[in-house]
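See below for the structure under consideration.
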Amino acid sequence: MWKTKAISLNKIAIVQLSSSRIQILYISEANEKYLKSTFSFFDYDITLDEKINILCCLNGDDRIDILSFKKNILGILRKLKFKAEKNNVTTFYPIGTEIFRNIHNRLEVIEVIKREFEGHFEILTNTQESEAIIKSFFISKPSFTRIKPNQSYLYIHGYGVSTKIIFFKDRDILYDINLTLGPLLLLKSLLQSPNINIKEFLTQVEIRITKVVNEQIKYTPTKLSRYCIGSGTIIEEINFYPEEVYEPASKEEWREWEYRITKKQSDNFPSIHIEYIELSHIGKQIALYDESIITEFGLIDRFETINKELEEKLLMRLGLTIYMSVMKKFAIKAIIVNCASLSYSILWDKLGLQSRNIKVSHNNLKL
């Protein structure tokens, strides 16, 4: 990444572009509390976040249609950038993640984005991306989230068109891979069907997800923890309110559940990590989505008429199924939801906040 001059804290923003979201993260007011050793989401007063679907700009030959990109993506990007500028942000560091590494005309797309950001735009390598994800987790994890140095851990990060799988031990990345699975990609295959039975599609997609997970993850971890960590739009938006799908057997069990589940403060601003969402809870959420989708929409003859409500439900259902399939493969019982995106660690690097000695190494195995 490029070198930066010393800039006051309230002038820097990280702009993260992925296949399913644009996020602009910055600190709105310089204050010495940002230099303390205890991380808090409340230190980051402003984060602008909006969902996108970059597949709407993708041609059949994996090329971004520039006119469509300018119309559908740049418009949103400019709107968020304008809001950040209103809060005195003057320096933007735009970064691209997984999808930008794979499009055939990425150099053309890079030039389009650079014109919006004074010549800046960097596509993260797979290694940079994995390290930033793990570093953000260690930066932000609360003290009661224990990572034992003698155990290995699974990390699942969901994108719109792929799913990143990372195995790490302490702060050492042992193995990572991007699965060719993502809710936007799966939804696209649904939209390409002239006639579709939703119930049949959901059954077929589970088989497809399981097949890809089993075939593409070629790693056998040792001393793997029975809980994993996850991030991404889908898992962050899972229903955190257990009373709708989970009935504790006792008051003691309910108090324990309340302690572990931290509710969101608002729609797009989490307080801290969401502790220990059990696999069974995800399964019940999937069942609720199935019931709603099948009951309300049934057989859809022509799927070009898909409405926003159905699209959101399908994306959640498809995305959660990917998390569940990976967790089942490795007998994982629960997942910690990490609400700190990789932008947090990159922002820290730009601000020079490395005094907490958070370092991540990458010893990826070549299989």
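Chain identifiers are assigned as A, B, and so on, following the order in which chains appear in the structure tokens; residues are numbered from 1 within each chain, and ligands are numbered from 1 in order of appearance.
Secondary structure from DSSP on the backbone puts helix (DSSP H, G or I) at the following positions of stretch 75-104 of chain A: Gly75, Ile76, Leu77, Arg78, Lys79, Leu80, Lys81, Phe82, Lys83, Ala84, Glu85, Lys86, Glu98, Ile99, Phe100, Arg101 and Asn102 of chain A.
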- prompt: Any idea what the distance is between atom CA of A:Ser18 and atom CA of A:Glu98?
  reply: 6.7 Å
Which neighbours of stretch 154-167 of chain A fall inside 9 Å, counting only C-alpha atoms, when residues of the same chain fewer than 6 positions from it are skipped, and could you give them as a CSV table (one decimal) with N, CA and C atoms, in the first residue's frame?
chain,number,residue,atom,x,y,z
A,18,SER,N,-16.6,-3.7,-2.5
A,18,SER,CA,-16.7,-5.2,-2.7
A,18,SER,C,-17.8,-5.5,-3.7
A,19,SER,N,-18.2,-6.7,-3.8
A,19,SER,CA,-19.2,-7.0,-4.8
A,19,SER,C,-20.6,-6.7,-4.2
A,20,SER,N,-20.8,-6.5,-2.9
A,20,SER,CA,-22.1,-6.4,-2.3
A,20,SER,C,-22.2,-5.1,-1.4
A,21,ARG,N,-21.2,-4.4,-1.2
A,21,ARG,CA,-21.3,-3.2,-0.4
A,21,ARG,C,-20.2,-2.2,-0.7
A,53,ASN,N,-25.0,-4.3,-5.8
A,53,ASN,CA,-24.9,-5.6,-6.5
A,53,ASN,C,-24.1,-5.3,-7.8
A,54,ILE,N,-22.8,-5.6,-7.6
A,54,ILE,CA,-22.0,-5.3,-8.8
A,54,ILE,C,-22.2,-6.2,-9.9
A,55,LEU,N,-22.9,-7.3,-9.7
A,55,LEU,CA,-23.1,-8.3,-10.8
A,55,LEU,C,-24.1,-7.7,-11.8
A,98,GLU,N,-12.4,-8.8,-3.4
A,98,GLU,CA,-12.3,-10.0,-4.2
A,98,GLU,C,-12.7,-9.8,-5.7
A,99,ILE,N,-13.8,-9.2,-6.0
A,99,ILE,CA,-14.3,-9.2,-7.3
A,99,ILE,C,-13.4,-8.4,-8.3
A,130,SER,N,-6.7,-11.2,3.5
A,130,SER,CA,-6.8,-12.2,4.6
A,130,SER,C,-6.2,-11.6,5.9
A,133,ILE,N,-8.4,-8.9,7.4
A,133,ILE,CA,-9.6,-9.4,8.1
A,133,ILE,C,-9.2,-9.9,9.5
A,134,ILE,N,-8.1,-10.7,9.5
A,134,ILE,CA,-7.8,-11.3,10.8
A,134,ILE,C,-7.3,-10.2,11.8
A,173,ILE,N,-1.8,-17.1,10.0
A,173,ILE,CA,-2.7,-17.6,9.0
A,173,ILE,C,-2.1,-18.9,8.4
A,174,LEU,N,-2.8,-20.0,8.6
A,174,LEU,CA,-2.3,-21.3,8.1
A,174,LEU,C,-2.7,-21.6,6.7
A,175,TYR,N,-4.0,-21.2,6.4
A,175,TYR,CA,-4.5,-21.6,5.1
A,175,TYR,C,-5.7,-20.7,4.8
A,176,ASP,N,-5.8,-20.3,3.5
A,176,ASP,CA,-7.0,-19.5,3.1
A,176,ASP,C,-7.3,-19.8,1.6
A,177,ILE,N,-8.6,-19.6,1.3
A,177,ILE,CA,-9.1,-19.9,0.0
A,177,ILE,C,-10.4,-19.1,-0.2
A,178,ASN,N,-10.6,-18.7,-1.4
A,178,ASN,CA,-11.9,-18.0,-1.8
A,178,ASN,C,-12.7,-19.1,-2.5
A,179,LEU,N,-13.8,-19.5,-1.9
A,179,LEU,CA,-14.8,-20.4,-2.5
A,179,LEU,C,-15.6,-19.7,-3.6
A,180,THR,N,-15.9,-20.4,-4.7
A,180,THR,CA,-16.7,-19.8,-5.7
A,180,THR,C,-18.2,-19.9,-5.4
A,181,LEU,N,-18.5,-19.4,-4.2
A,181,LEU,CA,-19.8,-19.4,-3.7
A,181,LEU,C,-20.1,-18.0,-3.1
A,182,GLY,N,-21.3,-17.5,-3.4
A,182,GLY,CA,-21.7,-16.2,-2.8
A,182,GLY,C,-23.2,-16.0,-3.1
A,183,PRO,N,-23.9,-15.4,-2.2
A,183,PRO,CA,-25.4,-15.3,-2.4
A,183,PRO,C,-25.8,-14.5,-3.7
A,184,LEU,N,-25.0,-13.5,-4.1
A,184,LEU,CA,-25.3,-12.8,-5.3
A,184,LEU,C,-25.1,-13.7,-6.5
A,185,LEU,N,-24.1,-14.5,-6.5
A,185,LEU,CA,-23.8,-15.5,-7.6
A,185,LEU,C,-24.9,-16.5,-7.7
A,186,LEU,N,-25.3,-17.0,-6.5
A,186,LEU,CA,-26.4,-18.1,-6.5
A,186,LEU,C,-27.7,-17.5,-6.9
A,217,ILE,N,-12.3,-26.9,-0.3
A,217,ILE,CA,-11.5,-26.7,0.9
A,217,ILE,C,-10.7,-28.0,1.1
A,219,TYR,N,-8.1,-28.8,3.2
A,219,TYR,CA,-7.2,-28.6,4.3
A,219,TYR,C,-7.9,-29.3,5.5
A,221,PRO,N,-7.6,-29.1,9.4
A,221,PRO,CA,-7.0,-28.4,10.6
A,221,PRO,C,-6.7,-29.4,11.8
A,224,LEU,N,-8.8,-27.9,16.2
A,224,LEU,CA,-9.7,-26.9,15.7
A,224,LEU,C,-10.7,-26.6,16.8
A,225,SER,N,-10.9,-25.3,17.1
A,225,SER,CA,-11.9,-24.9,18.1
A,225,SER,C,-13.3,-25.2,17.6
A,227,TYR,N,-15.8,-23.4,18.0
A,227,TYR,CA,-16.5,-22.2,17.5
A,227,TYR,C,-15.6,-21.5,16.5
A,228,CYS,N,-16.2,-20.8,15.6
A,228,CYS,CA,-15.5,-20.1,14.6
A,228,CYS,C,-15.8,-18.6,14.6
A,229,ILE,N,-15.2,-17.8,13.7
A,229,ILE,CA,-15.5,-16.4,13.6
A,229,ILE,C,-16.0,-16.1,12.2
A,230,GLY,N,-17.0,-15.2,12.1
A,230,GLY,CA,-17.6,-14.9,10.8
A,230,GLY,C,-17.8,-13.4,10.7
A,231,SER,N,-17.7,-13.0,9.4
A,231,SER,CA,-18.1,-11.6,9.1
A,231,SER,C,-18.7,-11.5,7.7
A,232,GLY,N,-19.1,-10.3,7.4
A,232,GLY,CA,-19.8,-10.1,6.1
A,232,GLY,C,-21.3,-9.7,6.3
A,233,THR,N,-21.8,-9.0,5.3
A,233,THR,CA,-23.1,-8.5,5.4
A,233,THR,C,-24.2,-9.5,5.9
A,234,ILE,N,-24.2,-10.7,5.4
A,234,ILE,CA,-25.2,-11.7,5.7
A,234,ILE,C,-25.2,-12.0,7.1
A,235,ILE,N,-24.1,-12.5,7.6
A,235,ILE,CA,-24.0,-13.0,9.0
A,235,ILE,C,-24.2,-11.8,10.0
A,315,LEU,N,-31.3,-13.6,-0.6
A,315,LEU,CA,-29.9,-13.4,-0.3
A,315,LEU,C,-29.5,-13.8,1.1
A,319,GLY,N,-27.0,-16.9,1.7
A,319,GLY,CA,-25.8,-16.6,2.4
A,319,GLY,C,-25.6,-17.4,3.7
A,322,ILE,N,-24.5,-21.0,3.2
A,322,ILE,CA,-23.1,-21.2,3.0
A,322,ILE,C,-22.4,-21.3,4.3
A,323,TYR,N,-22.7,-20.3,5.2
A,323,TYR,CA,-22.0,-20.4,6.6
A,323,TYR,C,-22.3,-21.7,7.2
A,326,VAL,N,-20.3,-24.7,5.7
A,326,VAL,CA,-18.9,-24.7,6.1
A,326,VAL,C,-18.8,-25.2,7.6
A,327,MET,N,-19.6,-24.6,8.4
A,327,MET,CA,-19.6,-25.0,9.9
A,327,MET,C,-19.8,-26.5,10.1
A,330,PHE,N,-16.9,-28.9,9.4
A,330,PHE,CA,-15.8,-29.0,10.4
A,330,PHE,C,-16.4,-29.1,11.8
A,332,ILE,N,-18.4,-27.4,13.6
A,332,ILE,CA,-18.4,-26.2,14.4
A,332,ILE,C,-19.8,-26.0,15.0
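The interatomic distance for the pair atom CA of A:Ala84 and atom CA of A:Leu347 works out to 14.9 Å.
Rounded to one decimal, atom CA of A:His120 and atom CA of A:Ser136 lie 22.5 Å from each other.
Proximity to A:Lys148 at 9 Å, evaluated using only C-alpha atoms and with sequence-adjacent residues fewer than 2 positions away removed, yields A:Arg146, A:Asn150, A:Gln151, A:Ser152, A:Lys169, A:Asp170, A:Ser225.
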- prompt: In stretch 18-125 of chain A, what's strand (DSSP E) per DSSP? Answer as an NGL selection string?
  reply: :A and (21-26 or 46-51 or 91-96 or 122-123)
Could you name the residues that touch A:Val205 at 10 Å or less, counting only C-alpha atoms, but leaving out those on the same chain fewer than 3 positions away, as a PDB file with C-alpha atoms, in the first residue's frame?
ATOM      1  CA  LEU A 186     -26.387 -18.050  -6.491  1.00  0.00           C
ATOM      2  CA  LEU A 187     -29.224 -15.567  -6.943  1.00  0.00           C
ATOM      3  CA  SER A 189     -28.320 -18.469 -11.387  1.00  0.00           C
ATOM      4  CA  LEU A 190     -31.903 -18.327 -10.129  1.00  0.00           C
ATOM      5  CA  GLU A 200     -37.005 -27.014  -5.750  1.00  0.00           C
ATOM      6  CA  PHE A 201     -34.361 -24.312  -6.209  1.00  0.00           C
ATOM      7  CA  LEU A 202     -33.640 -24.109  -2.460  1.00  0.00           C
ATOM      8  CA  ARG A 208     -24.550 -27.328  -4.815  1.00  0.00           C
ATOM      9  CA  ILE A 209     -23.198 -25.438  -1.800  1.00  0.00           C
ATOM     10  CA  THR A 210     -22.255 -28.644   0.040  1.00  0.00           C
ATOM     11  CA  LYS A 211     -20.504 -29.988  -3.070  1.00  0.00           C
ATOM     12  CA  LEU A 318     -28.542 -18.362   0.481  1.00  0.00           C
ATOM     13  CA  THR A 321     -26.721 -21.670   4.035  1.00  0.00           C
ATOM     14  CA  ILE A 322     -23.096 -21.164   2.962  1.00  0.00           C
TER      15      ILE A 322
END
message: Give me the residues near A:Leu342 as a ChimeraX atom specification, where near means some atom within 12 Å (using only C-alpha atoms) and where sequence neighbours in that chain fewer than 5 positions away do not count.
response: /A:14-18,23-25,95-97,124,128-140,157,231-232,347-349
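The shortest atom-to-atom distance to A:Gly60, with only C-alpha atoms taken into account, belongs to A:Lys188 out of A:Tyr26, A:Thr47, A:Lys188, A:Leu320.
Remark: for A:Met324, the closest of the candidate residues A:Glu206, A:Glu116, A:Asp65, A:Glu50 is A:Glu206 (distances computed over only C-alpha atoms).
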- request: With a distance cut-off of 12 Å and only C-alpha atoms, select the neighbouring residues of A:Leu67, excluding the residue or stretch itself and same-chain residues fewer than 3 positions from it, and output the selection as number ranges by chain.
  value: A: 56-59, 63-64, 70-75, 108-109, 112
